[in-house]
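What follows is the content of target-v1.cif (mmCIF, C-alpha atoms and all ligand atoms).
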```cif
data_structure
loop_
_atom_site.label_atom_id
_atom_site.label_comp_id
_atom_site.auth_asym_id
_atom_site.auth_seq_id
_atom_site.Cartn_x
_atom_site.Cartn_y
_atom_site.Cartn_z
CA MET A 1 40.78 83.86 -2.96
CA ASN A 2 41.71 80.53 -1.42
CA ARG A 3 38.26 79.17 -2.19
CA ARG A 4 38.56 80.16 -5.84
CA LEU A 5 41.98 78.49 -6.08
CA LEU A 6 40.56 75.43 -4.36
CA PHE A 7 37.72 75.29 -6.88
CA ILE A 8 40.05 75.73 -9.86
CA GLY A 9 42.34 73.05 -8.45
CA LEU A 10 39.52 70.56 -7.92
CA ALA A 11 38.02 71.22 -11.36
CA THR A 12 41.42 70.77 -13.04
CA SER A 13 41.99 67.57 -11.07
CA ALA A 14 38.64 66.15 -12.11
CA ALA A 15 39.17 67.03 -15.79
CA TRP A 16 42.67 65.58 -15.83
CA ALA A 17 41.53 62.40 -14.08
CA LEU A 18 38.71 61.90 -16.57
CA LEU A 19 40.85 62.57 -19.62
CA HIS A 20 43.84 60.56 -18.54
CA THR A 21 43.68 57.07 -20.12
CA PRO A 22 46.99 55.33 -19.49
CA ARG A 23 47.41 52.81 -22.34
CA GLY A 24 50.88 51.81 -23.43
CA ARG A 25 52.76 50.12 -26.25
CA PHE A 26 54.94 47.59 -24.50
CA PRO A 27 56.06 44.71 -26.79
CA TRP A 28 54.11 41.90 -25.12
CA PRO A 29 55.21 38.38 -26.11
CA SER A 30 53.00 36.22 -28.30
CA ARG A 31 52.16 32.64 -27.28
CA ASN A 32 55.00 31.23 -29.43
CA THR A 33 57.75 33.72 -28.54
CA THR A 34 60.92 31.71 -27.77
CA PRO A 35 62.70 31.83 -25.48
CA ARG A 36 59.87 33.07 -23.27
CA PRO A 37 60.72 36.39 -21.57
CA VAL A 38 61.08 36.32 -17.79
CA ALA A 39 59.51 38.62 -15.19
CA LEU A 40 61.06 38.77 -11.72
CA ILE A 41 58.65 39.93 -9.02
CA THR A 42 59.59 40.74 -5.45
CA GLY A 43 56.95 40.31 -2.75
CA ALA A 44 55.17 37.70 -4.88
CA SER A 45 53.86 35.66 -1.95
CA ALA A 46 50.82 37.91 -1.40
CA GLY A 47 48.74 40.86 -2.58
CA ILE A 48 49.88 43.02 -5.47
CA GLY A 49 53.02 40.93 -6.15
CA ALA A 50 51.06 37.67 -6.42
CA GLU A 51 48.66 39.44 -8.78
CA TYR A 52 51.54 40.62 -11.01
CA ALA A 53 52.62 36.97 -11.11
CA ARG A 54 49.12 35.82 -12.19
CA GLN A 55 48.71 38.51 -14.86
CA LEU A 56 52.23 38.21 -16.27
CA ALA A 57 51.95 34.41 -16.45
CA ALA A 58 48.69 34.90 -18.36
CA ARG A 59 50.56 37.26 -20.73
CA GLY A 60 53.12 34.53 -21.50
CA PHE A 61 56.03 35.27 -19.15
CA ASP A 62 58.15 32.78 -17.28
CA LEU A 63 58.48 33.98 -13.69
CA ALA A 64 61.01 34.34 -10.91
CA LEU A 65 59.10 34.77 -7.65
CA VAL A 66 60.86 36.38 -4.67
CA ALA A 67 59.73 36.69 -1.02
CA ARG A 68 60.55 35.20 2.39
CA ARG A 69 57.66 32.68 2.55
CA ALA A 70 58.88 30.00 0.15
CA ASP A 71 55.90 27.69 0.83
CA ARG A 72 53.51 30.30 -0.57
CA LEU A 73 55.75 30.94 -3.57
CA TYR A 74 55.90 27.21 -4.43
CA GLU A 75 52.12 26.96 -4.18
CA LEU A 76 51.66 29.95 -6.51
CA ALA A 77 54.34 28.65 -8.88
CA GLN A 78 52.62 25.26 -9.17
CA SER A 79 49.21 26.77 -9.89
CA LEU A 80 50.58 29.16 -12.54
CA GLU A 81 52.62 26.44 -14.24
CA ALA A 82 49.50 24.28 -14.41
CA ALA A 83 47.25 27.12 -15.62
CA HIS A 84 49.53 28.77 -18.20
CA GLY A 85 52.30 26.28 -19.05
CA VAL A 86 54.99 28.77 -18.01
CA HIS A 87 58.07 28.05 -15.90
CA CYS A 88 58.25 29.56 -12.40
CA GLU A 89 61.43 29.79 -10.34
CA VAL A 90 61.19 30.36 -6.59
CA ILE A 91 63.81 32.50 -4.84
CA ALA A 92 63.38 32.68 -1.06
CA ALA A 93 65.08 35.86 0.14
CA ASP A 94 64.74 38.53 2.79
CA LEU A 95 65.22 41.78 0.88
CA ALA A 96 65.43 43.92 4.01
CA HIS A 97 69.02 42.74 4.46
CA ASP A 98 72.17 42.71 2.37
CA GLU A 99 72.42 38.91 2.16
CA GLY A 100 68.98 38.47 0.56
CA VAL A 101 69.50 41.33 -1.88
CA SER A 102 72.94 39.99 -2.89
CA LEU A 103 71.41 36.58 -3.60
CA VAL A 104 68.72 37.97 -5.93
CA GLU A 105 71.13 40.46 -7.50
CA ALA A 106 73.52 37.60 -8.41
CA ARG A 107 70.66 35.57 -9.93
CA ILE A 108 69.46 38.56 -11.98
CA ARG A 109 72.91 39.04 -13.52
CA THR A 110 72.67 35.53 -15.01
CA MET A 111 69.13 35.89 -16.40
CA ASP A 112 69.47 36.38 -20.15
CA ALA A 113 65.73 36.53 -20.73
CA LEU A 114 64.81 38.98 -17.95
CA ALA A 115 62.36 41.45 -19.52
CA ILE A 116 60.42 42.83 -16.54
CA LEU A 117 61.56 43.54 -12.99
CA VAL A 118 58.80 44.38 -10.50
CA ASN A 119 60.15 45.90 -7.28
CA ASN A 120 57.04 45.40 -5.18
CA ALA A 121 57.96 43.94 -1.75
CA GLY A 122 57.05 46.32 1.04
CA PHE A 123 55.31 46.90 4.36
CA GLY A 124 54.00 49.77 6.47
CA THR A 125 54.26 50.73 10.12
CA ILE A 126 52.26 53.13 12.27
CA GLY A 127 53.65 55.57 14.80
CA ARG A 128 55.66 58.74 15.13
CA LEU A 129 59.36 58.33 14.42
CA VAL A 130 60.23 59.03 18.04
CA ASN A 131 58.17 56.00 19.17
CA VAL A 132 58.74 53.33 16.52
CA ASP A 133 61.27 50.48 16.54
CA PRO A 134 64.42 51.80 14.81
CA GLY A 135 65.37 48.33 13.50
CA ARG A 136 62.05 48.00 11.67
CA GLN A 137 62.48 51.47 10.14
CA GLN A 138 65.93 50.53 8.92
CA GLU A 139 64.49 47.37 7.36
CA MET A 140 61.85 49.45 5.63
CA ILE A 141 64.44 51.75 4.12
CA TYR A 142 66.49 48.76 2.98
CA LEU A 143 63.46 46.99 1.48
CA HIS A 144 61.90 50.04 -0.21
CA VAL A 145 65.08 51.87 -1.27
CA MET A 146 68.27 49.76 -1.31
CA ALA A 147 66.69 46.57 -2.67
CA PRO A 148 64.90 48.19 -5.66
CA MET A 149 67.96 50.32 -6.48
CA ARG A 150 70.38 47.36 -6.40
CA LEU A 151 68.07 44.96 -8.25
CA THR A 152 67.38 47.60 -10.92
CA GLN A 153 71.08 48.20 -11.40
CA ALA A 154 71.69 44.46 -11.72
CA ALA A 155 68.89 44.09 -14.29
CA LEU A 156 69.70 47.07 -16.49
CA SER A 157 72.79 46.01 -18.41
CA GLY A 158 71.14 42.75 -19.50
CA MET A 159 67.96 44.53 -20.57
CA MET A 160 69.85 47.23 -22.48
CA GLU A 161 72.57 45.12 -24.10
CA ARG A 162 71.05 41.67 -24.58
CA ARG A 163 67.35 42.39 -25.11
CA ARG A 164 67.28 46.10 -26.05
CA HIS A 165 63.96 46.43 -24.30
CA GLY A 166 62.45 45.78 -20.92
CA ALA A 167 60.60 47.32 -18.01
CA ILE A 168 61.29 48.21 -14.41
CA ILE A 169 58.15 48.65 -12.33
CA ASN A 170 58.66 50.20 -8.89
CA VAL A 171 55.61 49.89 -6.67
CA ALA A 172 55.42 53.21 -4.79
CA SER A 173 52.17 54.67 -3.40
CA VAL A 174 49.97 57.77 -3.50
CA ALA A 175 51.57 58.32 -0.07
CA ALA A 176 54.66 59.46 -2.01
CA TYR A 177 52.83 62.76 -2.59
CA TRP A 178 51.35 63.21 0.88
CA ARG A 179 52.96 64.36 4.12
CA PHE A 180 51.33 63.23 7.34
CA VAL A 181 52.21 62.19 10.87
CA GLY A 182 52.77 58.58 11.88
CA ASN A 183 54.33 57.28 8.70
CA VAL A 184 57.26 59.49 7.75
CA ASN A 185 59.63 56.78 6.53
CA TYR A 186 56.96 55.01 4.48
CA VAL A 187 56.11 58.29 2.73
CA ALA A 188 59.78 59.19 2.25
CA THR A 189 60.77 55.80 0.82
CA LYS A 190 57.83 55.87 -1.61
CA ALA A 191 58.79 59.42 -2.64
CA TYR A 192 62.30 58.08 -3.30
CA LEU A 193 60.87 55.42 -5.61
CA VAL A 194 58.97 58.05 -7.62
CA ALA A 195 62.01 60.35 -7.94
CA PHE A 196 64.30 57.40 -8.71
CA SER A 197 61.97 56.13 -11.45
CA GLU A 198 61.50 59.57 -13.03
CA GLY A 199 65.24 60.27 -13.09
CA LEU A 200 66.10 56.79 -14.35
CA GLN A 201 63.64 57.03 -17.25
CA ILE A 202 65.43 60.19 -18.39
CA GLU A 203 68.77 58.35 -18.28
CA LEU A 204 67.28 55.44 -20.22
CA ARG A 205 65.60 57.46 -22.97
CA GLY A 206 66.03 55.64 -26.28
CA SER A 207 67.26 52.43 -24.65
CA GLY A 208 63.97 50.54 -25.02
CA VAL A 209 63.70 50.15 -21.25
CA HIS A 210 60.52 51.59 -19.71
CA VAL A 211 60.40 52.67 -16.08
CA GLN A 212 57.16 52.92 -14.13
CA ALA A 213 56.45 54.17 -10.61
CA LEU A 214 53.10 52.63 -9.75
CA CYS A 215 51.26 54.70 -7.13
CA PRO A 216 48.27 52.78 -5.79
CA GLY A 217 45.88 54.03 -3.14
CA PHE A 218 44.23 51.66 -0.64
CA THR A 219 44.34 48.19 -2.18
CA ARG A 220 42.78 45.05 -0.71
CA THR A 221 45.78 42.85 0.12
CA GLU A 222 47.41 41.58 3.33
CA PHE A 223 49.17 44.92 3.83
CA HIS A 224 46.62 46.09 6.42
CA HIS A 225 46.37 42.74 8.22
CA THR A 226 49.04 43.55 10.83
CA GLU A 227 48.16 44.25 14.48
CA GLU A 228 49.06 47.95 14.04
CA PHE A 229 46.69 48.43 11.11
CA LYS A 230 43.97 46.36 12.81
CA LYS A 231 44.05 48.77 15.77
CA ARG A 232 43.57 51.67 13.41
CA ARG A 233 40.67 49.80 11.76
CA ALA A 234 42.11 50.64 8.36
CA ARG A 235 40.11 47.88 6.75
CA GLN A 236 36.90 49.65 7.74
CA TYR A 237 37.66 52.75 5.65
CA PRO A 238 34.81 53.43 3.18
CA ASP A 239 34.47 51.08 0.22
CA PHE A 240 35.04 53.71 -2.47
CA LEU A 241 38.63 54.16 -1.22
CA TRP A 242 39.55 50.54 -1.95
CA MET A 243 40.69 48.96 -5.18
CA SER A 244 41.35 45.31 -5.93
CA ALA A 245 44.92 44.14 -6.59
CA GLU A 246 43.63 42.78 -9.90
CA GLU A 247 42.51 46.22 -11.11
CA VAL A 248 45.65 47.96 -9.81
CA VAL A 249 47.94 45.54 -11.65
CA ARG A 250 45.83 45.56 -14.81
CA GLN A 251 46.13 49.36 -14.99
CA SER A 252 49.88 49.14 -14.36
CA LEU A 253 50.49 46.64 -17.15
CA ASP A 254 48.12 48.35 -19.61
CA ALA A 255 50.03 51.61 -19.07
CA LEU A 256 53.47 50.10 -19.66
CA GLY A 257 55.22 51.92 -22.49
CA ASN A 258 52.77 54.84 -22.68
CA GLY A 259 55.54 57.34 -21.99
CA ARG A 260 54.34 58.16 -18.47
CA VAL A 261 56.53 57.16 -15.55
CA VAL A 262 54.02 57.75 -12.75
CA VAL A 263 50.93 55.57 -13.03
CA VAL A 264 48.13 56.11 -10.52
CA PRO A 265 45.37 53.48 -10.74
CA GLY A 266 41.80 54.73 -10.34
CA LEU A 267 40.16 58.08 -11.19
CA PHE A 268 39.75 59.03 -7.53
CA TYR A 269 43.44 58.54 -6.76
CA ARG A 270 44.56 60.26 -9.97
CA ALA A 271 42.55 63.32 -8.93
CA LEU A 272 43.95 63.07 -5.39
CA VAL A 273 47.56 63.01 -6.62
CA LEU A 274 46.96 66.01 -8.85
CA ALA A 275 45.36 67.81 -5.90
CA LEU A 276 48.32 66.90 -3.68
CA ARG A 277 50.63 68.47 -6.24
CA THR A 278 48.65 71.74 -6.10
CA PRO A 279 50.06 73.82 -3.18
CA VAL A 280 46.87 75.29 -1.63
CA ILE A 281 44.96 72.02 -1.84
CA SER A 282 47.94 70.05 -0.66
CA GLU A 283 48.07 72.11 2.56
CA ALA A 284 44.39 71.41 3.25
CA LEU A 285 44.86 67.70 2.55
CA THR A 286 47.90 67.55 4.82
CA ARG A 287 45.76 68.92 7.64
CA ILE A 288 43.05 66.36 6.90
CA GLY A 289 45.68 63.59 6.74
CA ASN A 290 47.04 64.62 10.12
CA LEU A 291 43.57 64.38 11.64
CA LEU A 292 42.81 61.03 10.01
CA PHE A 293 46.13 59.36 10.65
CA ARG A 294 47.27 60.94 13.94
CA SER A 295 48.88 58.37 16.20
N1 LIG A 301 47.83 47.55 -0.07
C1 LIG A 301 47.84 48.88 -0.18
O1 LIG A 301 46.88 49.58 0.23
C2 LIG A 301 49.03 49.55 -0.82
C3 LIG A 301 48.88 50.88 -1.24
C4 LIG A 301 49.95 51.52 -1.85
C5 LIG A 301 51.14 50.85 -2.05
N2 LIG A 301 51.26 49.56 -1.63
C6 LIG A 301 52.56 48.90 -1.85
O2 LIG A 301 52.36 47.70 -2.58
C7 LIG A 301 53.44 46.81 -2.33
C8 LIG A 301 52.88 45.42 -2.08
O3 LIG A 301 52.12 45.44 -0.89
P1 LIG A 301 50.76 44.61 -0.75
O4 LIG A 301 49.68 45.58 -0.54
O5 LIG A 301 50.65 43.59 -1.80
O6 LIG A 301 51.04 43.94 0.69
P2 LIG A 301 51.08 42.42 1.16
O7 LIG A 301 49.86 41.69 0.70
O8 LIG A 301 51.34 42.49 2.63
O9 LIG A 301 52.36 41.81 0.41
C9 LIG A 301 53.66 42.26 0.73
C10 LIG A 301 54.67 41.38 0.03
O10 LIG A 301 55.98 41.89 0.34
C11 LIG A 301 56.78 40.80 0.79
N3 LIG A 301 57.80 41.23 1.74
C12 LIG A 301 57.62 41.94 2.89
N4 LIG A 301 58.78 42.06 3.56
C13 LIG A 301 59.72 41.43 2.79
C14 LIG A 301 61.12 41.20 2.95
N5 LIG A 301 61.78 41.64 4.04
N6 LIG A 301 61.77 40.53 1.99
C15 LIG A 301 61.10 40.04 0.89
N7 LIG A 301 59.79 40.23 0.69
C16 LIG A 301 59.10 40.90 1.64
C17 LIG A 301 55.80 39.83 1.42
O11 LIG A 301 56.31 38.50 1.37
P3 LIG A 301 56.91 37.66 2.62
O12 LIG A 301 56.21 38.12 3.86
O13 LIG A 301 56.61 36.24 2.24
O14 LIG A 301 58.38 37.97 2.61
C18 LIG A 301 54.61 39.95 0.48
O15 LIG A 301 54.79 39.09 -0.62
C19 LIG A 301 54.21 47.40 -1.14
O16 LIG A 301 55.40 47.99 -1.61
C20 LIG A 301 53.26 48.46 -0.58
O17 LIG A 301 53.97 49.51 0.02
C21 LIG A 301 50.24 48.89 -1.03
#
```

Target encoding structure tokens, full file:
Amino acid sequence: MNRRLLFIGLATSAAWALLHTPRGRFPWPSRNTTPRPVALITGASAGIGAEYARQLAARGFDLALVARRADRLYELAQSLEAAHGVHCEVIAADLAHDEGVSLVEARIRTMDALAILVNNAGFGTIGRLVNVDPGRQQEMIYLHVMAPMRLTQAALSGMMERRRHGAIINVASVAAYWRFVGNVNYVATKAYLVAFSEGLQIELRGSGVHVQALCPGFTRTEFHHTEEFKKRRARQYPDFLWMSAEEVVRQSLDALGNGRVVVVPGLFYRALVLALRTPVISEALTRIGNLLFRS
């Protein structure tokens, strides 16, 4: 019985993954749109955030780049200004604390042309809750939950009243759908971002503001470069599990405005998320996850 359900689940997952082509109808600016719309990206100093900056600059957006490492942001800003003739503002802020979030929140409230907010900044830790540094866990919850919620709230009135369109992209993870040991706060904060995005899109129906919860799987960035992830040899996981930041962001932007809140880049991960939402399969995958990620 379980085997039959497993088979049906896997077959449905595969069919859904193959059929699902997430293309959207977001009103992208043309080269001569004035004033140029602005995209604010958190965590723009590396990885997925830096890639959003590159692709949105290429699509004609001025940028506001947020992270702690200002030197990296200035370097990126200079190269994008030179390559695309757009204007890039650098905002150095630590979004794991109230002061940094207040600074960016205040700036957002004055941005008339803000059209896209990408809540992307994030990090992971490894270890059971009982063993990990409580301060770091608190910072994670602030960075993944409080910061996106407050920045979204600050951006919304301007998008709804002044522009009558816009987009909020919350970078979650496929981990939002999985439960496994050694990462409970990461999983819970990413699940928050999915639930928050889905609920918010219902509230915003008809407003012209699109909400997306992007759920990438393993993506080649600096995320796994920390000592904890090096010990786990995460970067040696098989090649087929990894996507490039370029592909992940391209799929996110192509899907904007397609009516779907949750966007999962890659056929493999789309099938995995569907499987994780199917009870019998989800139980099996939880057991596998606990073996793979035990710590
Ligand atoms: N890579 C993956 O496999 C993967 C998979 C699923 C989801 N994600 C999610 O994707 C998002 C981006 O991660 P990534 O893979 O691009 O990792 P990354 O290369 O390590 O980049 C993380 C970015 O977040 C910023 N950041 C971290 N702590 C911050 C803080 N306290 N305040 C402000 N900015 C902060 C970093 O900038 P500074 O250090 O300069 O502040 C950096 O720009 C994260 O939310 C992550 O959870 C990643």

Could you give me, as a ChimeraX atom specification, the residues within 12 Å of Val130 in chain A, counting only C-alpha atoms and dropping anything in the same chain fewer than 2 positions from it? /A:126-128,132-134,137,181-185,295

Write out the residues from the selection above, keeping C-alpha atoms, as a PDB file, in the coordinates of the input.
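The new file result.pdb reads:
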```pdb
ATOM      1  CA  ILE A 126      52.260  53.130  12.270  1.00  0.00           C
ATOM      2  CA  GLY A 127      53.650  55.570  14.800  1.00  0.00           C
ATOM      3  CA  ARG A 128      55.660  58.740  15.130  1.00  0.00           C
ATOM      4  CA  VAL A 132      58.740  53.330  16.520  1.00  0.00           C
ATOM      5  CA  ASP A 133      61.270  50.480  16.540  1.00  0.00           C
ATOM      6  CA  PRO A 134      64.420  51.800  14.810  1.00  0.00           C
ATOM      7  CA  GLN A 137      62.480  51.470  10.140  1.00  0.00           C
ATOM      8  CA  VAL A 181      52.210  62.190  10.870  1.00  0.00           C
ATOM      9  CA  GLY A 182      52.770  58.580  11.880  1.00  0.00           C
ATOM     10  CA  ASN A 183      54.330  57.280   8.700  1.00  0.00           C
ATOM     11  CA  VAL A 184      57.260  59.490   7.750  1.00  0.00           C
ATOM     12  CA  ASN A 185      59.630  56.780   6.530  1.00  0.00           C
ATOM     13  CA  SER A 295      48.880  58.370  16.200  1.00  0.00           C
TER      14      SER A 295
END
```

Mind dumping a table of every chain A residue within 8 Å of ligand LIG 301 (chain A), with the nearest atom pair and its distance in Å to one decimal, using all atoms listed in the file, sorted by chain and rising number, as CSV?
```
residue,atom,partner,partner_atom,distance
A:Thr42,CA,A:LIG301,N7,6.2
A:Gly43,CA,A:LIG301,O15,3.3
A:Ala44,CA,A:LIG301,O15,4.5
A:Ser45,CA,A:LIG301,O15,3.8
A:Ala46,CA,A:LIG301,O15,4.2
A:Gly47,CA,A:LIG301,O5,3.4
A:Ile48,CA,A:LIG301,O5,3.8
A:Gly49,CA,A:LIG301,O5,5.6
A:Ala50,CA,A:LIG301,O15,7.0
A:Val66,CA,A:LIG301,C15,6.7
A:Ala67,CA,A:LIG301,N7,3.9
A:Arg68,CA,A:LIG301,O14,3.5
A:Arg69,CA,A:LIG301,O13,3.7
A:Ala70,CA,A:LIG301,O13,7.0
A:Arg72,CA,A:LIG301,O13,7.3
A:Leu73,CA,A:LIG301,O13,7.9
A:Ala92,CA,A:LIG301,C15,7.9
A:Ala93,CA,A:LIG301,C15,5.8
A:Asp94,CA,A:LIG301,N6,3.7
A:Leu95,CA,A:LIG301,N6,3.8
A:Ala96,CA,A:LIG301,N5,4.3
A:His97,CA,A:LIG301,N5,7.3
A:Gly100,CA,A:LIG301,N6,7.6
A:Asn119,CA,A:LIG301,O16,7.7
A:Asn120,CA,A:LIG301,O16,4.7
A:Ala121,CA,A:LIG301,O10,3.5
A:Gly122,CA,A:LIG301,O16,3.5
A:Phe123,CA,A:LIG301,O17,5.2
A:Gly124,CA,A:LIG301,O17,6.5
A:Glu139,CA,A:LIG301,N5,7.2
A:Met140,CA,A:LIG301,N5,8.0
A:Leu143,CA,A:LIG301,N5,6.2
A:His144,CA,A:LIG301,O16,7.0
A:Val171,CA,A:LIG301,O16,5.4
A:Ala172,CA,A:LIG301,C5,5.6
A:Ser173,CA,A:LIG301,C4,4.2
A:Val174,CA,A:LIG301,C4,6.5
A:Ala175,CA,A:LIG301,C4,7.2
A:Tyr186,CA,A:LIG301,O17,7.7
A:Lys190,CA,A:LIG301,O17,7.6
A:Cys215,CA,A:LIG301,C4,6.3
A:Pro216,CA,A:LIG301,C4,4.5
A:Gly217,CA,A:LIG301,C3,4.7
A:Phe218,CA,A:LIG301,O1,3.5
A:Thr219,CA,A:LIG301,O1,3.8
A:Arg220,CA,A:LIG301,N1,5.7
A:Thr221,CA,A:LIG301,O7,4.3
A:Glu222,CA,A:LIG301,O7,3.6
A:Phe223,CA,A:LIG301,O8,3.5
A:His224,CA,A:LIG301,N1,6.8
A:His225,CA,A:LIG301,O8,7.5
A:Trp242,CA,A:LIG301,O1,7.7
A:Ala245,CA,A:LIG301,O5,7.5
```

Within 8 Å of Thr189 in chain A using all atoms listed in the file, minus same-chain residues under 5 positions, as a ChimeraX atom specification: /A:141,144-145,176

Selection from above, C-alpha atoms, as an mmCIF file, keeping the file's coordinate frame, can you write it?
```cif
data_model
loop_
_atom_site.group_PDB
_atom_site.id
_atom_site.type_symbol
_atom_site.label_atom_id
_atom_site.label_comp_id
_atom_site.auth_asym_id
_atom_site.auth_seq_id
_atom_site.Cartn_x
_atom_site.Cartn_y
_atom_site.Cartn_z
ATOM 1 C CA ILE A 141 64.440 51.750 4.120
ATOM 2 C CA HIS A 144 61.900 50.040 -0.210
ATOM 3 C CA VAL A 145 65.080 51.870 -1.270
ATOM 4 C CA ALA A 176 54.660 59.460 -2.010
#
```

Please identify all polymer residues within 8 Å of Leu151 in chain A, counting all atoms listed in the file, omitting same-chain residues fewer than 6 positions from it, and present them as a ChimeraX atom specification. /A:101,104-105,108

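Relative to CA of Glu89 in chain A, CA of Gln153 in chain A is found at 20.8 Å.
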
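Note that the spacing between CA of Met243 in chain A and CA of Leu267 in chain A amounts to 10.9 Å.
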
Ranking A:Leu291, A:Ala11, A:Ile168, A:Leu214 by minimum distance to Gln201 in chain A and counting only C-alpha atoms, which one comes first?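 The answer is A:Ile168, which sits nearest to Gln201 in chain A.
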
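Minimum atom-to-atom distance to Leu256 in chain A, evaluated using only C-alpha atoms, belongs to A:Val211 out of A:Ala115, A:Ile281, A:Val211, A:Leu292.
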
The distance between CA of Val194 in chain A and CA of Asn170 in chain A is 8.0 Å

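Between Ser157 in chain A and the candidates A:Pro35, A:Gly85, A:Gly199, A:Gly208, the tightest atom-to-atom separation, counting all atoms listed in the file, involves A:Gly208.
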
Which residue is closest to Gln55 in chain A? Choose from A:His84, A:Arg232, A:Arg136, A:Arg260 and count all atoms listed in the file. A:His84

From the options A:Ala284, A:Ala147, A:Met111, A:Leu253, which residue's atoms come nearest to Ala53 in chain A, counting only C-alpha atoms?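 Closest residue, counting only C-alpha atoms: A:Leu253.
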